[in-house]
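One structure is given below, encoded as structure tokens.
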Amino acid sequence: MRNRRLVLRPIANLLDLLIIWYSMYVVSLSNDKVINDKMNNMARTMGNPLATRFASIIYSNFRQLRMAGDINFVA
């Protein structure tokens, strides 16, 4: 097996990272389209932050708003 090297642009947003994640993992799942759509919607709802700045507080705030019913990211 060849050693694959992951190279990100210096400034990559969360959607850019999800494209790489999808091509390396999700595409092998039977419900890949559903998972990919949900993750992309979540990233957009969170404001598509820079991947280097994405932290647990961003997701925690998203989750808190979602649980309170303030946002609905699933179309």
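FYI, nothing fancy with the structure tokens labels: chains A, B, ... in order, residues from 1 per chain, ligands from 1 as they appear.
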
Would you please extract all helix (DSSP H, G or I) residues from chain A, as assigned by DSSP on the backbone, and give them as an mmCIF file with N, CA, C and O atoms, in the first residue's frame?
```
data_model
loop_
_atom_site.group_PDB
_atom_site.id
_atom_site.type_symbol
_atom_site.label_atom_id
_atom_site.label_comp_id
_atom_site.auth_asym_id
_atom_site.auth_seq_id
_atom_site.Cartn_x
_atom_site.Cartn_y
_atom_site.Cartn_z
ATOM 1 N N LEU A 14 -13.998 24.619 6.193
ATOM 2 C CA LEU A 14 -14.527 23.318 6.587
ATOM 3 C C LEU A 14 -15.093 22.547 5.399
ATOM 4 O O LEU A 14 -14.924 21.332 5.307
ATOM 5 N N LEU A 15 -15.734 23.235 4.459
ATOM 6 C CA LEU A 15 -16.257 22.546 3.277
ATOM 7 C C LEU A 15 -15.136 21.928 2.445
ATOM 8 O O LEU A 15 -15.295 20.839 1.898
ATOM 9 N N ASP A 16 -13.991 22.619 2.348
ATOM 10 C CA ASP A 16 -12.838 22.052 1.641
ATOM 11 C C ASP A 16 -12.370 20.766 2.321
ATOM 12 O O ASP A 16 -12.063 19.779 1.662
ATOM 13 N N LEU A 17 -12.329 20.788 3.622
ATOM 14 C CA LEU A 17 -11.911 19.606 4.379
ATOM 15 C C LEU A 17 -12.901 18.460 4.192
ATOM 16 O O LEU A 17 -12.504 17.299 4.066
ATOM 17 N N LEU A 18 -14.186 18.774 4.134
ATOM 18 C CA LEU A 18 -15.201 17.747 3.926
ATOM 19 C C LEU A 18 -15.086 17.089 2.546
ATOM 20 O O LEU A 18 -15.385 15.908 2.399
ATOM 21 N N ILE A 19 -14.653 17.828 1.550
ATOM 22 C CA ILE A 19 -14.441 17.249 0.217
ATOM 23 C C ILE A 19 -13.369 16.166 0.298
ATOM 24 O O ILE A 19 -13.521 15.069 -0.245
ATOM 25 N N ILE A 20 -12.286 16.459 1.003
ATOM 26 C CA ILE A 20 -11.209 15.476 1.162
ATOM 27 C C ILE A 20 -11.702 14.288 1.965
ATOM 28 O O ILE A 20 -11.475 13.132 1.603
ATOM 29 N N TRP A 21 -12.395 14.556 3.063
ATOM 30 C CA TRP A 21 -12.943 13.492 3.920
ATOM 31 C C TRP A 21 -13.873 12.590 3.124
ATOM 32 O O TRP A 21 -13.812 11.371 3.212
ATOM 33 N N TYR A 22 -14.740 13.199 2.315
ATOM 34 C CA TYR A 22 -15.684 12.423 1.503
ATOM 35 C C TYR A 22 -14.939 11.501 0.541
ATOM 36 O O TYR A 22 -15.261 10.327 0.426
ATOM 37 N N SER A 23 -13.954 12.026 -0.140
ATOM 38 C CA SER A 23 -13.246 11.222 -1.140
ATOM 39 C C SER A 23 -12.449 10.081 -0.517
ATOM 40 O O SER A 23 -12.212 9.068 -1.166
ATOM 41 N N MET A 24 -12.058 10.229 0.742
ATOM 42 C CA MET A 24 -11.236 9.208 1.372
ATOM 43 C C MET A 24 -12.033 8.218 2.222
ATOM 44 O O MET A 24 -11.556 7.120 2.487
ATOM 45 N N VAL A 26 -16.162 8.585 3.153
ATOM 46 C CA VAL A 26 -17.621 8.487 3.049
ATOM 47 C C VAL A 26 -18.059 7.804 1.757
ATOM 48 O O VAL A 26 -19.056 7.088 1.745
ATOM 49 N N VAL A 27 -17.343 7.985 0.698
ATOM 50 C CA VAL A 27 -17.723 7.405 -0.581
ATOM 51 C C VAL A 27 -17.844 5.887 -0.508
ATOM 52 O O VAL A 27 -18.534 5.273 -1.307
ATOM 53 N N SER A 28 -17.223 5.272 0.489
ATOM 54 C CA SER A 28 -17.289 3.820 0.630
ATOM 55 C C SER A 28 -18.527 3.348 1.387
ATOM 56 O O SER A 28 -18.772 2.156 1.481
ATOM 57 N N ASP A 32 -23.671 7.254 1.423
ATOM 58 C CA ASP A 32 -22.688 8.329 1.318
ATOM 59 C C ASP A 32 -23.302 9.682 0.968
ATOM 60 O O ASP A 32 -22.920 10.703 1.523
ATOM 61 N N LYS A 33 -24.280 9.708 0.083
ATOM 62 C CA LYS A 33 -24.895 10.980 -0.323
ATOM 63 C C LYS A 33 -25.598 11.643 0.853
ATOM 64 O O LYS A 33 -25.455 12.854 1.069
ATOM 65 N N VAL A 34 -26.325 10.875 1.635
ATOM 66 C CA VAL A 34 -27.048 11.412 2.793
ATOM 67 C C VAL A 34 -26.068 11.995 3.816
ATOM 68 O O VAL A 34 -26.249 13.113 4.301
ATOM 69 N N ILE A 35 -25.020 11.237 4.128
ATOM 70 C CA ILE A 35 -24.029 11.698 5.100
ATOM 71 C C ILE A 35 -23.321 12.946 4.589
ATOM 72 O O ILE A 35 -23.147 13.924 5.322
ATOM 73 N N ASN A 36 -22.925 12.937 3.335
ATOM 74 C CA ASN A 36 -22.235 14.081 2.760
ATOM 75 C C ASN A 36 -23.123 15.327 2.782
ATOM 76 O O ASN A 36 -22.674 16.416 3.150
ATOM 77 N N ASP A 37 -24.381 15.179 2.408
ATOM 78 C CA ASP A 37 -25.306 16.320 2.429
ATOM 79 C C ASP A 37 -25.477 16.878 3.835
ATOM 80 O O ASP A 37 -25.463 18.099 4.036
ATOM 81 N N LYS A 38 -25.623 16.012 4.823
ATOM 82 C CA LYS A 38 -25.775 16.466 6.215
ATOM 83 C C LYS A 38 -24.540 17.209 6.690
ATOM 84 O O LYS A 38 -24.643 18.267 7.317
ATOM 85 N N MET A 39 -23.362 16.652 6.421
ATOM 86 C CA MET A 39 -22.127 17.305 6.864
ATOM 87 C C MET A 39 -21.940 18.662 6.184
ATOM 88 O O MET A 39 -21.536 19.632 6.827
ATOM 89 N N ASN A 40 -22.243 18.733 4.887
ATOM 90 C CA ASN A 40 -22.121 20.006 4.179
ATOM 91 C C ASN A 40 -23.117 21.030 4.703
ATOM 92 O O ASN A 40 -22.772 22.214 4.861
ATOM 93 N N ASN A 41 -24.343 20.610 4.987
ATOM 94 C CA ASN A 41 -25.337 21.523 5.556
ATOM 95 C C ASN A 41 -24.904 22.012 6.933
ATOM 96 O O ASN A 41 -25.085 23.185 7.269
ATOM 97 N N MET A 42 -24.338 21.120 7.730
ATOM 98 C CA MET A 42 -23.840 21.523 9.046
ATOM 99 C C MET A 42 -22.735 22.560 8.912
ATOM 100 O O MET A 42 -22.732 23.571 9.626
ATOM 101 N N ALA A 43 -21.811 22.337 7.998
ATOM 102 C CA ALA A 43 -20.699 23.278 7.807
ATOM 103 C C ALA A 43 -21.225 24.650 7.387
ATOM 104 O O ALA A 43 -20.772 25.676 7.907
ATOM 105 N N ARG A 44 -22.177 24.662 6.466
ATOM 106 C CA ARG A 44 -22.746 25.943 6.031
ATOM 107 C C ARG A 44 -23.478 26.645 7.170
ATOM 108 O O ARG A 44 -23.364 27.850 7.343
ATOM 109 N N THR A 45 -24.234 25.873 7.952
ATOM 110 C CA THR A 45 -24.979 26.444 9.075
ATOM 111 C C THR A 45 -24.033 27.037 10.120
ATOM 112 O O THR A 45 -24.340 28.056 10.734
ATOM 113 N N ALA A 51 -10.852 25.662 8.481
ATOM 114 C CA ALA A 51 -10.603 24.361 9.108
ATOM 115 C C ALA A 51 -9.590 24.492 10.245
ATOM 116 O O ALA A 51 -9.715 23.814 11.259
ATOM 117 N N THR A 52 -8.639 25.376 10.089
ATOM 118 C CA THR A 52 -7.620 25.562 11.123
ATOM 119 C C THR A 52 -8.178 26.250 12.357
ATOM 120 O O THR A 52 -7.567 26.203 13.420
ATOM 121 N N ARG A 53 -9.335 26.865 12.238
ATOM 122 C CA ARG A 53 -9.955 27.562 13.379
ATOM 123 C C ARG A 53 -11.178 26.819 13.924
ATOM 124 O O ARG A 53 -11.778 27.263 14.892
ATOM 125 N N SER A 56 -14.095 22.899 19.127
ATOM 126 C CA SER A 56 -15.264 22.314 19.770
ATOM 127 C C SER A 56 -16.313 23.360 20.142
ATOM 128 O O SER A 56 -17.502 23.066 20.138
ATOM 129 N N ILE A 57 -15.901 24.579 20.427
ATOM 130 C CA ILE A 57 -16.861 25.618 20.808
ATOM 131 C C ILE A 57 -17.797 25.956 19.647
ATOM 132 O O ILE A 57 -18.987 26.228 19.860
ATOM 133 N N ILE A 58 -17.313 25.903 18.417
ATOM 134 C CA ILE A 58 -18.158 26.174 17.251
ATOM 135 C C ILE A 58 -19.222 25.097 17.133
ATOM 136 O O ILE A 58 -20.409 25.390 16.967
ATOM 137 N N TYR A 59 -18.805 23.848 17.241
ATOM 138 C CA TYR A 59 -19.776 22.764 17.161
ATOM 139 C C TYR A 59 -20.713 22.782 18.364
ATOM 140 O O TYR A 59 -21.913 22.536 18.225
ATOM 141 N N SER A 60 -20.195 23.076 19.533
ATOM 142 C CA SER A 60 -21.044 23.126 20.733
ATOM 143 C C SER A 60 -22.128 24.183 20.604
ATOM 144 O O SER A 60 -23.290 23.939 20.977
ATOM 145 N N ASN A 61 -21.767 25.349 20.087
ATOM 146 C CA ASN A 61 -22.771 26.403 19.874
ATOM 147 C C ASN A 61 -23.815 25.962 18.848
ATOM 148 O O ASN A 61 -25.016 26.186 19.036
ATOM 149 N N PHE A 62 -23.363 25.333 17.769
ATOM 150 C CA PHE A 62 -24.272 24.807 16.754
ATOM 151 C C PHE A 62 -25.238 23.801 17.374
ATOM 152 O O PHE A 62 -26.447 23.869 17.197
ATOM 153 N N ARG A 63 -24.704 22.890 18.146
ATOM 154 C CA ARG A 63 -25.518 21.835 18.771
ATOM 155 C C ARG A 63 -26.524 22.420 19.768
ATOM 156 O O ARG A 63 -27.676 22.005 19.807
ATOM 157 N N GLN A 64 -26.088 23.395 20.533
ATOM 158 C CA GLN A 64 -26.980 24.035 21.502
ATOM 159 C C GLN A 64 -28.152 24.716 20.789
ATOM 160 O O GLN A 64 -29.305 24.568 21.206
ATOM 161 N N LEU A 65 -27.870 25.445 19.711
ATOM 162 C CA LEU A 65 -28.933 26.106 18.948
ATOM 163 C C LEU A 65 -29.859 25.083 18.296
ATOM 164 O O LEU A 65 -31.080 25.273 18.257
ATOM 165 N N ARG A 66 -29.291 24.004 17.813
ATOM 166 C CA ARG A 66 -30.102 22.960 17.183
ATOM 167 C C ARG A 66 -31.022 22.287 18.195
ATOM 168 O O ARG A 66 -32.203 22.067 17.939
ATOM 169 N N MET A 67 -30.500 21.953 19.359
ATOM 170 C CA MET A 67 -31.304 21.301 20.392
ATOM 171 C C MET A 67 -32.392 22.225 20.932
ATOM 172 O O MET A 67 -33.464 21.756 21.328
#
```

### Task
Counting only C-alpha atoms, figure out which residue out of A:Asn31, A:Phe54, A:Asn72, A:Pro49 gets nearest to Asn13 of chain A.
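Answer, going by the shortest atom-to-atom distance: A:Pro49.
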